[in-house]
$ cat upload-v6.csv   # CSV, N, CA and C atoms
chain,number,residue,atom,x,y,z
A,27,MET,N,0.8,-1.2,0.0
A,27,MET,CA,0.0,0.0,0.0
A,27,MET,C,0.9,1.3,0.0
A,28,PHE,N,1.9,1.3,0.9
A,28,PHE,CA,2.7,2.5,1.0
A,28,PHE,C,4.1,2.1,0.5
A,29,ASN,N,4.3,1.5,-0.6
A,29,ASN,CA,5.6,1.1,-1.1
A,29,ASN,C,6.6,2.2,-1.2
A,30,TRP,N,6.1,3.4,-1.6
A,30,TRP,CA,7.0,4.5,-1.7
A,30,TRP,C,7.5,5.0,-0.4
A,31,LEU,N,6.7,4.8,0.7
A,31,LEU,CA,7.2,5.1,2.0
A,31,LEU,C,8.2,4.1,2.5
A,32,ARG,N,8.0,2.9,2.2
A,32,ARG,CA,9.0,1.8,2.6
A,32,ARG,C,10.3,2.1,2.0
A,33,LYS,N,10.4,2.5,0.7
A,33,LYS,CA,11.6,2.9,0.1
A,33,LYS,C,12.3,4.1,0.7
A,34,LEU,N,11.4,5.0,1.2
A,34,LEU,CA,11.9,6.3,1.7
A,34,LEU,C,12.5,6.1,3.1
A,35,PHE,N,11.9,5.3,4.0
A,35,PHE,CA,12.4,5.2,5.3
A,35,PHE,C,13.1,3.9,5.7
A,36,ALA,N,12.9,2.8,4.9
A,36,ALA,CA,13.4,1.5,5.3
A,36,ALA,C,14.9,1.5,5.5
A,37,SER,N,15.3,0.8,6.5
A,37,SER,CA,16.7,0.6,6.8
A,37,SER,C,17.1,-0.7,6.2
A,38,THR,N,18.3,-1.1,6.4
A,38,THR,CA,18.8,-2.4,5.8
A,38,THR,C,19.6,-3.2,6.9
A,39,GLU,N,19.6,-4.5,6.7
A,39,GLU,CA,20.4,-5.3,7.6
A,39,GLU,C,21.9,-5.2,7.3
A,40,ASP,N,22.2,-4.9,6.1
A,40,ASP,CA,23.6,-4.8,5.7
A,40,ASP,C,24.3,-3.6,6.3
A,41,GLU,N,25.2,-3.9,7.2
A,41,GLU,CA,25.9,-2.8,8.0
A,41,GLU,C,26.6,-1.8,7.0
A,42,SER,N,27.1,-2.3,5.9
A,42,SER,CA,27.9,-1.5,5.0
A,42,SER,C,27.0,-0.4,4.3
A,43,VAL,N,25.7,-0.6,4.2
A,43,VAL,CA,24.9,0.4,3.6
A,43,VAL,C,23.8,1.0,4.6
A,44,PHE,N,24.1,0.8,5.9
A,44,PHE,CA,23.1,1.3,6.8
A,44,PHE,C,23.1,2.8,6.8
A,45,VAL,N,21.9,3.4,6.7
A,45,VAL,CA,21.7,4.9,6.7
A,45,VAL,C,22.0,5.4,8.1
A,46,ASP,N,22.7,6.6,8.1
A,46,ASP,CA,23.0,7.3,9.4
A,46,ASP,C,21.7,8.1,9.8
A,47,TYR,N,20.8,7.4,10.3
A,47,TYR,CA,19.5,8.0,10.6
A,47,TYR,C,19.6,9.1,11.7
A,48,GLU,N,20.6,9.1,12.5
A,48,GLU,CA,20.7,10.1,13.5
A,48,GLU,C,20.8,11.5,12.9
A,49,HIS,N,21.3,11.6,11.7
A,49,HIS,CA,21.4,12.9,11.0
A,49,HIS,C,20.4,13.1,9.9
A,50,VAL,N,19.3,12.3,9.8
A,50,VAL,CA,18.3,12.5,8.9
A,50,VAL,C,17.3,13.5,9.5
A,51,ASP,N,17.0,14.5,8.8
A,51,ASP,CA,16.0,15.6,9.3
A,51,ASP,C,14.6,15.2,8.8
A,52,ILE,N,13.8,14.8,9.7
A,52,ILE,CA,12.4,14.5,9.4
A,52,ILE,C,11.6,15.6,8.8
A,53,SER,N,11.9,16.8,9.2
A,53,SER,CA,11.2,18.0,8.7
A,53,SER,C,11.3,18.1,7.2
A,54,TYR,N,12.4,17.6,6.6
A,54,TYR,CA,12.6,17.6,5.2
A,54,TYR,C,11.5,16.7,4.6
A,55,TYR,N,11.2,15.5,5.1
A,55,TYR,CA,10.2,14.6,4.6
A,55,TYR,C,8.8,15.2,4.9
A,56,ARG,N,8.6,15.9,6.0
A,56,ARG,CA,7.3,16.5,6.3
A,56,ARG,C,7.0,17.6,5.2
A,57,GLU,N,8.0,18.3,4.8
A,57,GLU,CA,7.8,19.3,3.8
A,57,GLU,C,7.6,18.7,2.4
A,58,LYS,N,8.4,17.7,2.1
A,58,LYS,CA,8.4,17.0,0.8
A,58,LYS,C,7.1,16.3,0.6
A,59,PHE,N,6.5,15.7,1.7
A,59,PHE,CA,5.3,14.9,1.6
A,59,PHE,C,4.3,15.4,2.7
A,60,PRO,N,3.7,16.5,2.4
A,60,PRO,CA,2.8,17.1,3.3
A,60,PRO,C,1.5,16.3,3.6
A,61,ASP,N,1.2,15.3,2.7
A,61,ASP,CA,0.0,14.5,2.9
A,61,ASP,C,0.2,13.3,3.8
A,62,VAL,N,1.4,13.2,4.4
A,62,VAL,CA,1.7,12.1,5.3
A,62,VAL,C,2.0,12.6,6.7
A,63,ALA,N,1.4,12.0,7.7
A,63,ALA,CA,1.6,12.3,9.1
A,63,ALA,C,2.7,11.4,9.6
A,64,ILE,N,3.8,12.0,10.1
A,64,ILE,CA,5.0,11.3,10.6
A,64,ILE,C,5.2,11.6,12.0
A,65,SER,N,5.2,10.6,12.9
A,65,SER,CA,5.5,10.8,14.3
A,65,SER,C,6.8,10.3,14.7
A,66,GLU,N,7.6,11.0,15.5
A,66,GLU,CA,8.9,10.5,16.0
A,66,GLU,C,8.7,9.9,17.4
A,67,VAL,N,9.4,8.8,17.6
A,67,VAL,CA,9.4,8.2,18.9
A,67,VAL,C,10.8,8.5,19.5
A,68,ASN,N,10.8,9.2,20.7
A,68,ASN,CA,12.0,9.6,21.3
A,68,ASN,C,12.2,8.9,22.6
A,69,LEU,N,13.5,8.8,23.0
A,69,LEU,CA,13.8,8.2,24.3
A,69,LEU,C,13.4,9.2,25.3
A,70,PRO,N,13.0,8.7,26.5
A,70,PRO,CA,12.5,9.6,27.5
A,70,PRO,C,13.6,10.5,28.0
A,71,ARG,N,13.2,11.7,28.4
A,71,ARG,CA,14.2,12.7,29.0
A,71,ARG,C,14.2,12.5,30.5
A,72,LEU,N,15.3,12.2,31.0
A,72,LEU,CA,15.4,11.9,32.5
A,72,LEU,C,16.3,13.0,33.1
A,73,GLU,N,16.2,13.1,34.4
A,73,GLU,CA,17.0,14.1,35.2
A,73,GLU,C,18.5,14.0,34.8
A,74,HIS,N,19.0,12.8,34.9
A,74,HIS,CA,20.4,12.6,34.5
A,74,HIS,C,20.5,12.2,33.1
A,75,ASN,N,21.6,12.6,32.5
A,75,ASN,CA,21.8,12.3,31.1
A,75,ASN,C,22.3,10.8,30.9
A,76,HIS,N,21.3,9.9,30.9
A,76,HIS,CA,21.7,8.5,30.8
A,76,HIS,C,22.0,8.2,29.3
A,77,GLU,N,22.8,7.2,29.1
A,77,GLU,CA,23.0,6.6,27.8
A,77,GLU,C,22.1,5.4,27.7
A,78,PHE,N,21.3,5.3,26.7
A,78,PHE,CA,20.4,4.2,26.5
A,78,PHE,C,20.9,3.3,25.4
A,79,ILE,N,20.5,2.1,25.4
A,79,ILE,CA,20.6,1.2,24.2
A,79,ILE,C,19.3,0.5,24.0
A,80,VAL,N,19.0,0.3,22.7
A,80,VAL,CA,17.8,-0.5,22.4
A,80,VAL,C,18.2,-1.9,22.5
A,81,ARG,N,17.6,-2.6,23.5
A,81,ARG,CA,17.9,-4.0,23.7
A,81,ARG,C,17.2,-4.9,22.8
A,82,LYS,N,15.9,-4.6,22.5
A,82,LYS,CA,15.1,-5.5,21.7
A,82,LYS,C,14.0,-4.7,21.0
A,83,TRP,N,13.9,-5.0,19.7
A,83,TRP,CA,12.7,-4.4,18.9
A,83,TRP,C,11.6,-5.5,18.9
A,84,PHE,N,10.4,-5.1,19.1
A,84,PHE,CA,9.3,-6.1,19.0
A,84,PHE,C,8.7,-6.2,17.6
A,85,LYS,N,9.0,-5.2,16.8
A,85,LYS,CA,8.5,-5.2,15.4
A,85,LYS,C,9.7,-5.2,14.4
A,86,LYS,N,9.4,-5.5,13.2
A,86,LYS,CA,10.5,-5.4,12.2
A,86,LYS,C,10.3,-4.1,11.5
A,87,ASP,N,11.4,-3.6,10.9
A,87,ASP,CA,11.4,-2.3,10.2
A,87,ASP,C,10.4,-2.4,9.1
A,88,GLY,N,9.5,-1.4,9.0
A,88,GLY,CA,8.4,-1.4,8.0
A,88,GLY,C,7.1,-2.1,8.3
A,89,ASP,N,7.1,-2.7,9.5
A,89,ASP,CA,5.9,-3.4,10.0
A,89,ASP,C,4.8,-2.4,10.3
A,90,TYR,N,3.5,-2.8,10.3
A,90,TYR,CA,2.4,-2.0,10.8
A,90,TYR,C,2.3,-2.2,12.3
A,91,ILE,N,2.2,-1.0,13.0
A,91,ILE,CA,2.1,-1.1,14.5
A,91,ILE,C,0.8,-0.4,14.9
A,92,TRP,N,0.1,-1.0,15.9
A,92,TRP,CA,-1.1,-0.5,16.4
A,92,TRP,C,-0.9,0.4,17.6
A,93,LYS,N,-1.8,1.3,17.9
A,93,LYS,CA,-1.7,2.1,19.1
A,93,LYS,C,-1.6,1.2,20.3
A,94,TYR,N,-0.7,1.5,21.2
A,94,TYR,CA,-0.3,0.8,22.5
A,94,TYR,C,0.4,-0.5,22.2
A,95,ASP,N,0.8,-0.9,21.0
A,95,ASP,CA,1.7,-2.0,20.8
A,95,ASP,C,3.1,-1.7,21.4
A,96,ARG,N,3.8,-2.7,21.8
A,96,ARG,CA,5.1,-2.5,22.3
A,96,ARG,C,6.0,-2.3,21.1
A,97,ILE,N,6.9,-1.3,21.3
A,97,ILE,CA,7.9,-0.9,20.3
A,97,ILE,C,9.2,-1.6,20.5
A,98,CYS,N,9.8,-1.4,21.7
A,98,CYS,CA,11.1,-1.9,22.0
A,98,CYS,C,11.3,-1.9,23.5
A,99,ILE,N,12.4,-2.5,23.9
A,99,ILE,CA,12.9,-2.4,25.3
A,99,ILE,C,14.2,-1.6,25.2
A,100,VAL,N,14.3,-0.6,26.1
A,100,VAL,CA,15.6,0.2,26.2
A,100,VAL,C,16.1,0.1,27.6
A,101,GLU,N,17.4,0.1,27.7
A,101,GLU,CA,18.1,0.0,29.0
A,101,GLU,C,19.1,1.2,29.1
A,102,ALA,N,19.2,1.6,30.4
A,102,ALA,CA,20.1,2.7,30.8
A,102,ALA,C,20.6,2.4,32.2
A,103,ASP,N,21.8,2.1,32.4
A,103,ASP,CA,22.3,1.7,33.8
A,103,ASP,C,21.5,0.6,34.3
A,104,SER,N,20.8,0.8,35.4
A,104,SER,CA,19.9,-0.2,36.0
A,104,SER,C,18.5,0.0,35.7
A,105,LEU,N,18.2,0.9,34.7
A,105,LEU,CA,16.8,1.2,34.3
A,105,LEU,C,16.5,0.5,33.1
A,106,VAL,N,15.3,-0.2,33.1
A,106,VAL,CA,14.8,-0.9,31.9
A,106,VAL,C,13.4,-0.4,31.6
A,107,LEU,N,13.2,0.1,30.4
A,107,LEU,CA,11.9,0.6,30.0
A,107,LEU,C,11.4,-0.1,28.8
A,108,GLU,N,10.1,-0.3,28.7
A,108,GLU,CA,9.4,-0.8,27.5
A,108,GLU,C,8.6,0.4,26.9
A,109,LEU,N,8.9,0.7,25.7
A,109,LEU,CA,8.2,1.8,25.0
A,109,LEU,C,7.1,1.3,24.2
A,110,GLU,N,6.0,2.0,24.2
A,110,GLU,CA,4.8,1.6,23.4
A,110,GLU,C,4.4,2.7,22.5
A,111,SER,N,3.7,2.3,21.4
A,111,SER,CA,3.3,3.3,20.4
A,111,SER,C,2.1,4.1,20.9
A,112,GLN,N,2.1,5.4,20.6
A,112,GLN,CA,1.0,6.2,20.9
A,112,GLN,C,0.1,6.5,19.7
A,113,VAL,N,0.5,6.0,18.5
A,113,VAL,CA,-0.2,6.1,17.3
A,113,VAL,C,-0.1,4.8,16.5
A,114,GLU,N,-0.9,4.7,15.5
A,114,GLU,CA,-0.8,3.5,14.6
A,114,GLU,C,-0.3,3.9,13.2
A,115,GLY,N,0.5,3.0,12.6
A,115,GLY,CA,1.1,3.2,11.3
A,115,GLY,C,2.2,2.3,11.0
A,116,PHE,N,3.0,2.7,10.0
A,116,PHE,CA,4.2,1.9,9.7
A,116,PHE,C,5.4,2.4,10.4
A,117,ILE,N,6.2,1.5,11.1
A,117,ILE,CA,7.3,1.9,11.9
A,117,ILE,C,8.6,1.7,11.1
A,118,TYR,N,9.5,2.7,11.2
A,118,TYR,CA,10.8,2.7,10.6
A,118,TYR,C,11.8,3.1,11.6
A,119,PHE,N,12.8,2.2,11.8
A,119,PHE,CA,13.8,2.4,12.8
A,119,PHE,C,14.8,3.5,12.4
A,120,ARG,N,15.3,4.2,13.3
A,120,ARG,CA,16.3,5.2,13.1
A,120,ARG,C,17.6,4.9,13.8
A,121,GLN,N,17.6,3.9,14.6
A,121,GLN,CA,18.7,3.5,15.4
A,121,GLN,C,18.9,2.0,15.3
A,122,LYS,N,20.2,1.6,15.4
A,122,LYS,CA,20.5,0.2,15.5
A,122,LYS,C,20.5,-0.3,16.9
A,123,PRO,N,20.2,-1.6,17.1
A,123,PRO,CA,20.2,-2.1,18.5
A,123,PRO,C,21.6,-2.1,19.1
A,124,LEU,N,21.7,-1.9,20.4
A,124,LEU,CA,23.0,-2.0,21.1
A,124,LEU,C,24.0,-0.9,20.9
A,125,VAL,N,23.5,0.2,20.3
A,125,VAL,CA,24.4,1.4,20.1
A,125,VAL,C,24.0,2.4,21.1
A,126,PRO,N,25.0,3.0,21.8
A,126,PRO,CA,24.6,4.0,22.9
A,126,PRO,C,23.9,5.2,22.3
A,127,LEU,N,22.8,5.6,23.0
A,127,LEU,CA,22.0,6.7,22.5
A,127,LEU,C,21.8,7.6,23.7
A,128,LYS,N,21.5,8.9,23.4
A,128,LYS,CA,21.3,9.9,24.4
A,128,LYS,C,19.8,10.1,24.7
A,129,THR,N,19.5,10.5,25.9
A,129,THR,CA,18.2,10.8,26.3
A,129,THR,C,17.6,11.8,25.4
A,130,GLY,N,16.3,11.6,25.0
A,130,GLY,CA,15.6,12.5,24.1
A,130,GLY,C,15.8,12.2,22.6
A,131,GLN,N,16.7,11.3,22.3
A,131,GLN,CA,17.1,11.0,20.9
A,131,GLN,C,16.0,10.2,20.2
A,132,THR,N,15.7,10.4,18.9
A,132,THR,CA,14.7,9.7,18.2
A,132,THR,C,15.2,8.3,17.9
A,133,ILE,N,14.3,7.3,18.2
A,133,ILE,CA,14.7,5.9,17.9
A,133,ILE,C,14.0,5.4,16.7
A,134,CYS,N,12.8,5.9,16.4
A,134,CYS,CA,12.1,5.4,15.2
A,134,CYS,C,11.0,6.5,14.8
A,135,VAL,N,10.5,6.3,13.6
A,135,VAL,CA,9.4,7.1,13.2
A,135,VAL,C,8.2,6.2,12.8
A,136,ILE,N,7.0,6.8,13.0
A,136,ILE,CA,5.8,6.0,12.6
A,136,ILE,C,5.1,6.9,11.6
A,137,VAL,N,4.9,6.3,10.4
A,137,VAL,CA,4.2,7.0,9.4
A,137,VAL,C,2.7,6.6,9.6
A,138,GLU,N,2.0,7.6,10.1
A,138,GLU,CA,0.6,7.3,10.5
A,138,GLU,C,-0.4,7.1,9.4
A,139,LYS,N,-0.6,8.1,8.6
A,139,LYS,CA,-1.7,8.1,7.6
A,139,LYS,C,-1.5,9.1,6.5
A,140,MET,N,-2.3,8.9,5.5
A,140,MET,CA,-2.3,9.9,4.5
A,140,MET,C,-3.4,11.0,4.9
A,141,ILE,N,-3.1,12.2,4.6
A,141,ILE,CA,-4.0,13.3,4.9
A,141,ILE,C,-4.7,13.6,3.6
A,142,ASN,N,-5.8,14.3,3.7
A,142,ASN,CA,-6.6,14.7,2.5
A,142,ASN,C,-7.2,13.5,1.7
A,143,ASN,N,-7.5,12.4,2.5
A,143,ASN,CA,-8.1,11.2,1.9
A,143,ASN,C,-7.4,10.5,0.8
A,144,GLN,N,-6.1,10.7,0.7
A,144,GLN,CA,-5.3,9.9,-0.2
A,144,GLN,C,-5.0,8.6,0.3
A,145,SER,N,-5.4,7.5,-0.4
A,145,SER,CA,-5.2,6.2,0.1
A,145,SER,C,-3.9,5.5,-0.3
A,146,SER,N,-3.3,5.9,-1.4
A,146,SER,CA,-2.1,5.2,-1.8
A,146,SER,C,-1.3,6.1,-2.8
A,147,ARG,N,0.0,5.8,-2.9
A,147,ARG,CA,0.8,6.4,-3.9
A,147,ARG,C,1.7,5.4,-4.5
A,148,SER,N,2.2,5.6,-5.7
A,148,SER,CA,3.1,4.6,-6.3
A,148,SER,C,4.5,5.0,-6.2
$ encode --input "upload-v6.csv" --output "structure tokens"
Amino acid sequence: MFNWLRKLFASTEDESVFVDYEHVDISYYREKFPDVAISEVNLPRLEHNHEFIVRKWFKKDGDYIWKYDRICIVEADSLVLELESQVEGFIYFRQKPLVPLKTGQTICVIVEKMINNQSSRS
């Protein structure tokens, strides 16, 4: 249904061609595709600047995720959190598992829906 979005956001298992998602500016895609609602999922902001790692993803890159579905488990020192989706749509990872991440950093985006009643694009 949203094959053009899959090409736009999908990551790859091949380390040699992995996109550096940390430096991808989502506002560019919001401007380029105004008919698409894109939500960012960020690590929680805590009092101390913890380093997090994504321990486990519950979905695959490009999967459809429902509201309140589990997204991933993140760890920081002795803190373990399970993040859940606040929206439904297609999920695209912006971070690799087991890589140190900073509090507040975006870990994935969820492409929610088409606006203006557009149901698909090629």
$ closest_atom_pairs --input "upload-v6.csv" --of "range 47-74 of chain A" --to "range 97-108 of chain A" --cutoff "12 Å" --atoms "only C-alpha atoms" --output "tab-separated table"
residue	atom	partner	partner_atom	distance
A:Val67	CA	A:Ile97	CA	9.3
A:Asn68	CA	A:Val100	CA	11.2
A:Leu69	CA	A:Val100	CA	8.4
A:Pro70	CA	A:Leu107	CA	9.4
A:Arg71	CA	A:Ala102	CA	11.7
A:Leu72	CA	A:Ala102	CA	10.5
A:His74	CA	A:Ala102	CA	10.6
$ atom_distance --input "upload-v6.csv" --atom1 "CA of Lys122 in chain A" --atom2 "CA of Asp61 in chain A"
28.0 Å
$ atom_distance --input "upload-v6.csv" --atom1 "atom C of Gln121 in chain A" --atom2 "atom N of Ala63 in chain A"
21.5 Å
$ atom_distance --input "upload-v6.csv" --atom1 "CA of Gly88 in chain A" --atom2 "CA of Leu109 in chain A"
17.3 Å
$ residues_around --input "upload-v6.csv" --residues "Phe116 in chain A" --least-positions-apart "5" --cutoff "6.5 Å" --atoms "all atoms listed in the file" --output "list in words"
Gly88, Asp89, Tyr90, Ile91, Val135, Ile136, Val137 and Glu138 of chain A
